[in-house]
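File shown: data.csv (CSV, C-alpha atoms).
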```
chain,number,residue,atom,x,y,z
A,1,MET,CA,0.0,0.0,0.0
A,2,ASP,CA,1.2,3.5,-0.8
A,3,GLY,CA,3.1,5.2,2.0
A,4,ASN,CA,1.2,8.4,1.8
A,5,LEU,CA,-2.1,6.6,2.0
A,6,LEU,CA,-1.0,4.7,5.1
A,7,PHE,CA,0.1,8.1,6.6
A,8,TRP,CA,-3.3,9.6,6.1
A,9,ILE,CA,-5.1,6.5,7.4
A,10,ASP,CA,-2.9,6.9,10.6
A,11,ILE,CA,-3.8,10.6,10.8
A,12,ILE,CA,-7.6,9.9,10.4
A,13,ASN,CA,-7.4,7.2,13.1
A,14,PHE,CA,-5.5,9.4,15.4
A,15,VAL,CA,-7.9,12.3,15.0
A,16,ILE,CA,-11.0,10.1,15.5
A,17,GLY,CA,-9.4,8.5,18.5
A,18,CYS,CA,-8.6,11.8,20.1
A,19,ILE,CA,-12.1,13.2,19.5
A,20,LEU,CA,-13.8,10.0,20.9
A,21,PHE,CA,-11.5,10.0,23.9
A,22,CYS,CA,-12.2,13.7,24.7
A,23,CYS,CA,-15.9,13.1,24.3
A,24,VAL,CA,-16.0,10.1,26.6
A,25,LEU,CA,-13.8,11.9,29.2
A,26,GLY,CA,-16.0,15.0,29.1
A,27,GLY,CA,-19.1,12.9,29.4
A,28,PHE,CA,-17.7,11.0,32.4
A,29,PHE,CA,-17.0,14.2,34.3
A,30,GLY,CA,-20.3,15.7,33.3
A,31,ILE,CA,-22.2,12.7,34.5
A,32,THR,CA,-20.3,12.1,37.8
A,33,GLY,CA,-19.4,15.7,38.6
A,34,ILE,CA,-16.5,14.3,40.5
A,35,LEU,CA,-14.2,17.3,39.9
A,36,ASP,CA,-16.9,20.0,40.2
A,37,PRO,CA,-16.1,22.6,42.9
A,38,ASP,CA,-19.5,22.1,44.5
A,39,ASN,CA,-19.1,18.4,44.8
A,40,GLU,CA,-19.3,17.8,48.6
A,41,ASN,CA,-18.5,14.0,48.3
A,42,ILE,CA,-14.8,14.6,47.8
A,43,SER,CA,-12.5,17.1,49.5
A,44,GLY,CA,-11.0,20.0,47.5
A,45,LYS,CA,-7.4,18.7,47.9
A,46,LYS,CA,-8.4,15.2,46.6
A,47,ARG,CA,-10.2,16.8,43.7
A,48,THR,CA,-7.2,18.8,42.8
A,49,VAL,CA,-4.8,15.8,43.0
A,50,LEU,CA,-7.2,13.7,41.0
A,51,GLY,CA,-7.6,16.4,38.4
A,52,VAL,CA,-3.9,16.9,38.0
A,53,LEU,CA,-3.3,13.2,37.6
A,54,ILE,CA,-6.1,12.7,35.0
A,55,PHE,CA,-5.4,15.8,32.9
A,56,GLY,CA,-1.7,15.5,33.3
A,57,THR,CA,-1.9,11.9,32.1
A,58,LEU,CA,-4.0,13.1,29.2
A,59,SER,CA,-1.3,15.6,28.3
A,60,VAL,CA,1.4,12.9,28.5
A,61,LEU,CA,-0.7,10.6,26.4
A,62,GLY,CA,-1.0,13.4,23.8
A,63,ASN,CA,2.7,13.0,23.3
A,64,LEU,CA,3.0,9.3,23.6
A,65,ILE,CA,0.5,8.3,21.0
A,66,GLY,CA,1.4,11.2,18.7
A,67,PHE,CA,3.9,10.7,15.8
A,68,SER,CA,6.4,12.8,14.0
A,69,ASN,CA,6.1,14.3,10.5
A,70,ASP,CA,7.9,17.2,9.0
A,71,ASN,CA,10.1,17.3,12.1
A,72,VAL,CA,6.9,18.1,14.1
A,73,LEU,CA,5.3,15.9,16.7
A,74,ILE,CA,1.6,15.7,15.8
A,75,ASN,CA,-0.1,15.6,19.2
A,76,PHE,CA,-2.9,16.8,21.4
A,77,ARG,CA,-0.8,17.5,24.5
A,78,ASP,CA,-2.3,20.9,25.3
A,79,VAL,CA,-5.8,19.5,25.6
A,80,GLY,CA,-5.0,18.4,29.2
A,81,PRO,CA,-4.0,21.8,30.7
A,82,ILE,CA,-6.5,23.8,28.7
A,83,ALA,CA,-9.6,21.7,29.2
A,84,GLY,CA,-8.7,20.7,32.8
A,85,GLY,CA,-7.7,24.3,33.7
A,86,LEU,CA,-10.7,26.1,32.1
A,87,TRP,CA,-13.3,23.8,33.8
A,88,PHE,CA,-11.6,22.6,37.0
A,89,GLY,CA,-9.2,25.3,38.2
A,90,PRO,CA,-5.7,26.7,38.2
A,91,ALA,CA,-4.0,23.9,40.1
A,92,VAL,CA,-5.2,21.4,37.5
A,93,ALA,CA,-4.1,23.6,34.7
A,94,LEU,CA,-0.6,24.1,36.1
A,95,GLY,CA,-0.1,20.5,37.2
A,96,ALA,CA,-1.2,19.1,33.8
A,97,ALA,CA,1.0,21.6,32.0
A,98,VAL,CA,4.1,20.7,34.0
A,99,MET,CA,3.5,17.0,33.3
A,100,GLY,CA,2.8,17.5,29.6
A,101,ALA,CA,5.8,19.9,29.2
A,102,THR,CA,8.2,17.6,31.0
A,103,SER,CA,7.1,14.6,28.9
A,104,ARG,CA,7.7,16.6,25.8
A,105,LEU,CA,11.3,17.1,26.6
A,106,PHE,CA,11.9,13.3,26.3
A,107,PHE,CA,10.8,13.3,22.7
A,108,GLY,CA,13.5,15.6,21.5
A,109,GLY,CA,13.4,17.4,18.1
A,110,ALA,CA,14.0,21.0,17.1
A,111,THR,CA,10.8,22.2,18.8
A,112,MET,CA,11.4,20.3,22.1
A,113,PHE,CA,12.0,23.4,24.3
A,114,SER,CA,9.7,25.8,22.5
A,115,CYS,CA,6.8,23.3,22.6
A,116,ALA,CA,7.4,22.6,26.3
A,117,ILE,CA,7.4,26.3,27.1
A,118,ALA,CA,4.2,26.8,25.0
A,119,THR,CA,2.5,24.0,27.0
A,120,LEU,CA,3.5,25.7,30.2
A,121,ALA,CA,2.2,29.0,28.8
A,122,ALA,CA,-1.1,27.3,28.0
A,123,GLY,CA,-1.4,26.0,31.5
A,124,VAL,CA,-0.7,29.5,33.0
A,125,ALA,CA,-3.2,31.2,30.7
A,126,SER,CA,-5.9,28.6,31.3
A,127,ALA,CA,-5.4,29.1,35.1
A,128,LEU,CA,-5.9,32.8,34.6
A,129,MET,CA,-8.9,32.3,32.4
A,130,TYR,CA,-10.6,30.1,35.0
A,131,ARG,CA,-10.2,32.9,37.5
A,132,MET,CA,-11.7,35.4,35.0
A,133,PHE,CA,-14.7,33.3,33.9
A,134,LYS,CA,-15.2,30.6,36.5
A,135,ASP,CA,-18.9,29.7,36.6
A,136,LYS,CA,-19.5,31.8,33.5
A,137,MET,CA,-17.4,29.5,31.3
A,138,THR,CA,-19.2,28.2,28.2
A,139,VAL,CA,-18.3,25.9,25.4
A,140,ARG,CA,-17.9,28.8,23.0
A,141,VAL,CA,-15.6,30.7,25.3
A,142,SER,CA,-13.5,27.6,25.9
A,143,VAL,CA,-13.1,27.0,22.2
A,144,MET,CA,-12.1,30.6,21.6
A,145,ILE,CA,-9.5,30.4,24.4
A,146,ALA,CA,-8.1,27.2,23.0
A,147,ALA,CA,-7.8,28.8,19.5
A,148,ILE,CA,-6.0,31.8,20.9
A,149,LEU,CA,-3.7,29.6,22.9
A,150,GLY,CA,-3.0,27.6,19.8
A,151,ALA,CA,-1.9,30.8,18.0
A,152,VAL,CA,0.3,31.7,21.0
A,153,HIS,CA,1.8,28.2,20.8
A,154,LEU,CA,2.7,28.7,17.1
A,155,THR,CA,4.1,32.1,17.8
A,156,LEU,CA,6.3,30.9,20.6
A,157,VAL,CA,7.6,28.1,18.4
A,158,SER,CA,8.3,30.5,15.6
A,159,ILE,CA,10.3,32.8,17.9
A,160,LEU,CA,12.2,30.2,20.0
A,161,THR,CA,13.0,27.6,17.4
A,162,PRO,CA,15.6,28.0,14.6
A,163,ASN,CA,13.7,28.1,11.3
A,164,GLY,CA,10.6,28.3,13.4
A,165,VAL,CA,8.5,30.2,10.9
A,166,ALA,CA,8.9,27.4,8.3
A,167,ILE,CA,8.0,24.8,10.9
A,168,ILE,CA,4.8,26.4,12.0
A,169,LEU,CA,3.6,26.7,8.4
A,170,THR,CA,3.7,22.9,7.9
A,171,PRO,CA,0.4,21.0,7.8
A,172,SER,CA,1.6,18.9,10.8
A,173,ALA,CA,2.0,22.0,13.0
A,174,ILE,CA,-1.2,23.6,12.0
A,175,GLY,CA,-3.0,20.3,12.2
A,176,SER,CA,-1.8,19.7,15.8
A,177,ILE,CA,-3.2,23.0,16.9
A,178,ALA,CA,-6.5,22.4,15.2
A,179,LEU,CA,-6.6,19.0,16.9
A,180,VAL,CA,-6.2,20.6,20.3
A,181,VAL,CA,-9.0,23.1,19.6
A,182,VAL,CA,-11.3,20.3,18.4
A,183,GLY,CA,-10.3,18.2,21.5
A,184,VAL,CA,-11.1,21.1,23.9
A,185,ALA,CA,-14.4,21.7,22.0
A,186,THR,CA,-15.4,18.1,22.2
A,187,PHE,CA,-14.5,17.7,25.8
A,188,SER,CA,-16.3,21.0,26.8
A,189,ALA,CA,-19.5,20.2,24.8
A,190,SER,CA,-19.7,16.7,26.2
A,191,TYR,CA,-19.0,17.9,29.8
A,192,LYS,CA,-21.7,20.5,29.6
A,193,TYR,CA,-24.3,18.4,27.8
A,194,PHE,CA,-24.0,15.4,30.0
A,195,GLY,CA,-23.7,17.5,33.1
A,196,ALA,CA,-27.1,19.2,32.3
A,197,ARG,CA,-28.6,15.9,31.2
A,198,PHE,CA,-27.8,13.9,34.3
A,199,ARG,CA,-27.2,16.4,37.0
A,200,GLY,CA,-29.0,19.6,36.0
A,201,GLU,CA,-32.1,20.7,37.8
A,202,HIS,CA,-35.4,20.4,35.8
A,203,LEU,CA,-37.8,23.3,36.4
A,204,GLY,CA,-41.5,22.8,36.6
A,205,LYS,CA,-44.0,24.7,34.5
A,206,LYS,CA,-45.3,26.7,37.5
A,207,ASP,CA,-41.9,27.5,39.0
A,208,GLN,CA,-41.8,31.0,37.6
A,209,LYS,CA,-39.1,32.2,40.0
A,210,LEU,CA,-36.5,29.8,38.8
A,211,SER,CA,-37.1,30.1,35.1
A,212,HIS,CA,-33.9,31.2,33.4
A,213,PRO,CA,-34.2,33.6,30.4
A,214,LYS,CA,-31.4,31.9,28.5
A,215,VAL,CA,-32.6,28.3,29.3
A,216,GLY,CA,-36.3,28.5,29.7
A,217,ARG,CA,-38.6,26.3,31.7
A,218,ASN,CA,-38.7,22.5,31.6
A,219,LYS,CA,-35.1,22.4,30.4
A,220,PRO,CA,-31.8,21.5,32.3
A,221,VAL,CA,-30.3,24.4,34.3
A,222,TYR,CA,-26.7,24.2,35.5
A,223,ASN,CA,-26.0,24.5,39.2
A,224,PHE,CA,-24.3,27.9,38.9
A,225,GLN,CA,-27.3,29.3,37.1
A,226,LEU,CA,-29.6,28.1,39.9
A,227,ARG,CA,-27.3,29.8,42.5
A,228,GLU,CA,-27.3,33.0,40.5
A,229,LEU,CA,-31.1,33.0,40.2
A,230,GLU,CA,-31.5,32.1,43.9
A,231,LYS,CA,-29.4,35.1,44.9
A,232,LYS,CA,-31.4,37.4,42.6
A,233,ASN,CA,-34.7,36.1,44.0
A,234,ALA,CA,-33.4,36.5,47.6
A,235,ALA,CA,-32.4,40.1,46.9
A,236,LYS,CA,-35.8,40.8,45.3
A,237,ASN,CA,-37.6,39.3,48.2
A,238,ASN,CA,-35.6,41.2,50.7
A,239,LYS,CA,-36.3,44.4,48.8
A,240,ASN,CA,-40.1,43.6,48.8
A,241,VAL,CA,-39.9,42.9,52.6
A,242,GLY,CA,-38.2,46.2,53.1
A,243,ARG,CA,-40.9,48.1,51.2
A,244,SER,CA,-43.6,46.3,53.2
A,245,ASP,CA,-42.0,47.3,56.5
A,246,ASN,CA,-41.7,50.9,55.4
A,247,GLY,CA,-45.3,50.9,54.3
```
Written as structure tokens, that's how I'd like the structure from this file.
Amino acid sequence: MDGNLLFWIDIINFVIGCILFCCVLGGFFGITGILDPDNENISGKKRTVLGVLIFGTLSVLGNLIGFSNDNVLINFRDVGPIAGGLWFGPAVALGAAVMGATSRLFFGGATMFSCAIATLAAGVASALMYRMFKDKMTVRVSVMIAAILGAVHLTLVSILTPNGVAIILTPSAIGSIALVVVGVATFSASYKYFGARFRGEHLGKKDQKLSHPKVGRNKPVYNFQLRELEKKNAAKNNKNVGRSDNG
């Protein structure tokens, strides 16, 4: 069989495997909620350690099952720190980034150091983005952040690597970044969908106070949306009580 055909078959299998794995992983966390900050069944420290181990391992696997082409390691290493960091916090982002960056150093190549630094940068940025968005994180925002961090990754490689501009313009380099964005998108969509499907609260038709303008009644509502609405309703009730007392 032609070598180019075998290469593209490997690429297709690799991409499909990455997408399916991210989908399953996102669905698992969405259904179980094991790493959610409001999960009272597991302590915060244990959640952090578990998150670092899982997403750090995902980052390492992104290197291990990747393969080289055009002097570039085709991989999805940055999915770990980005997805883990955006949804589960700074500690997960930084821990996964360190594991992924360290493992990248063992694969060598011209982009060894620049890619490791780019992965660390992705972890730091994801940690900051979690602080910025926190409960307001959405699938769309996570994909936009992943795309921006992909551009940052390519920029760092072009600056820190000899002949870096030529390297980042190869299909392998661009494809790796696209794969990371797709991986983060798949994980995020799966996590949010299954989280709402299996753990979201369903509102009754007569429950006017907890109907959400962006979600509507009789549809899944995320926990943070409920907390937000409960705070608004409590503030409104307190205001009404104050008016009654003044009257």
Sorted by chain and rising residue number, list the residues of range 103-178 of chain A at most 8 Å from range 48-72 of chain A (counting all atoms listed in the file), each with its closest atom pair and distance in Å to one decimal, as CSV.
```
residue,atom,partner,partner_atom,distance
A:Ser103,CA,A:Val60,CA,6.0
A:Arg104,CA,A:Asn63,CA,6.6
A:Gly109,CA,A:Asn71,CA,6.8
A:Ala110,CA,A:Asn71,CA,7.3
A:Thr111,CA,A:Val72,CA,7.4
A:Ile167,CA,A:Val72,CA,7.5
A:Thr170,CA,A:Asp70,CA,7.2
A:Ser172,CA,A:Val72,CA,6.3
A:Ala173,CA,A:Val72,CA,6.4
```
Using only C-alpha atoms, can you tell me which of A:Thr102, A:Thr138, A:Asn4, A:Ser43 comes closest to Ser190 in chain A?
A:Thr138
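Here CA of Val24 in chain A and CA of Tyr130 in chain A stand 22.4 Å from one another.
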Which residues are near range 18-20 of chain A? Cut-off 10 Å, all atoms listed in the file, ignore same chain within fewer than 2 positions. Put them as number ranges by chain.
A: 12-16, 22-26, 62, 65, 75-76, 79, 179-180, 182-187
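Nearest residue to Ile159 in chain A, choosing from A:Leu128, A:Phe113, A:Glu230, A:Gly108 and counting all atoms listed in the file: A:Phe113.
Shortest atom-to-atom contact with Ala122 in chain A among A:Arg77, A:Arg140, A:Lys134, A:Arg47: A:Arg77, counting all atoms listed in the file.
Shell of range 115-120 of chain A at 9 Å, with only C-alpha atoms counted and residues fewer than 5 places along the chain excluded, is Arg77, Asp78, Pro81, Leu94, Ala96, Ala97, Val98, Gly100, Ala101, Thr102, Ser103, Arg104, Leu105, Ala125, Leu149, Gly150, Val152, His153, Leu154, Thr155, Leu156 and Val157 of chain A.
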12 Å contact set for Arg131 in chain A, only C-alpha atoms, chain neighbours under 2 positions out, as JSON, numbers by chain
{"A": [85, 86, 87, 88, 89, 90, 91, 93, 124, 125, 126, 127, 128, 129, 133, 134, 135, 136, 137]}
Between A:Gly84, A:Gly27, A:Pro171, A:Ile148, which one has atoms that come closest to Ile11 in chain A, using all atoms listed in the file?
A:Pro171
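Across the structure, CA of Phe194 in chain A and CA of Ile31 in chain A are spaced 5.5 Å apart.
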Atom pair CA of Val139 in chain A + CA of Pro37 in chain A, distance 17.9 Å
What lies within 6 Å of range 191-193 of chain A using only C-alpha atoms, ignoring chain neighbours under 2 positions off, as a PyMOL selection string?
chain A and resi 26-27+30+188-189+195-196
Serialized selection, C-alpha atoms, as an mmCIF file, in the coordinates of the input:
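Saved file out16.cif follows:
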```cif
data_model
loop_
_atom_site.group_PDB
_atom_site.id
_atom_site.type_symbol
_atom_site.label_atom_id
_atom_site.label_comp_id
_atom_site.auth_asym_id
_atom_site.auth_seq_id
_atom_site.Cartn_x
_atom_site.Cartn_y
_atom_site.Cartn_z
ATOM 1 C CA GLY A 26 -16.000 15.000 29.100
ATOM 2 C CA GLY A 27 -19.100 12.900 29.400
ATOM 3 C CA GLY A 30 -20.300 15.700 33.300
ATOM 4 C CA SER A 188 -16.300 21.000 26.800
ATOM 5 C CA ALA A 189 -19.500 20.200 24.800
ATOM 6 C CA GLY A 195 -23.700 17.500 33.100
ATOM 7 C CA ALA A 196 -27.100 19.200 32.300
#
```
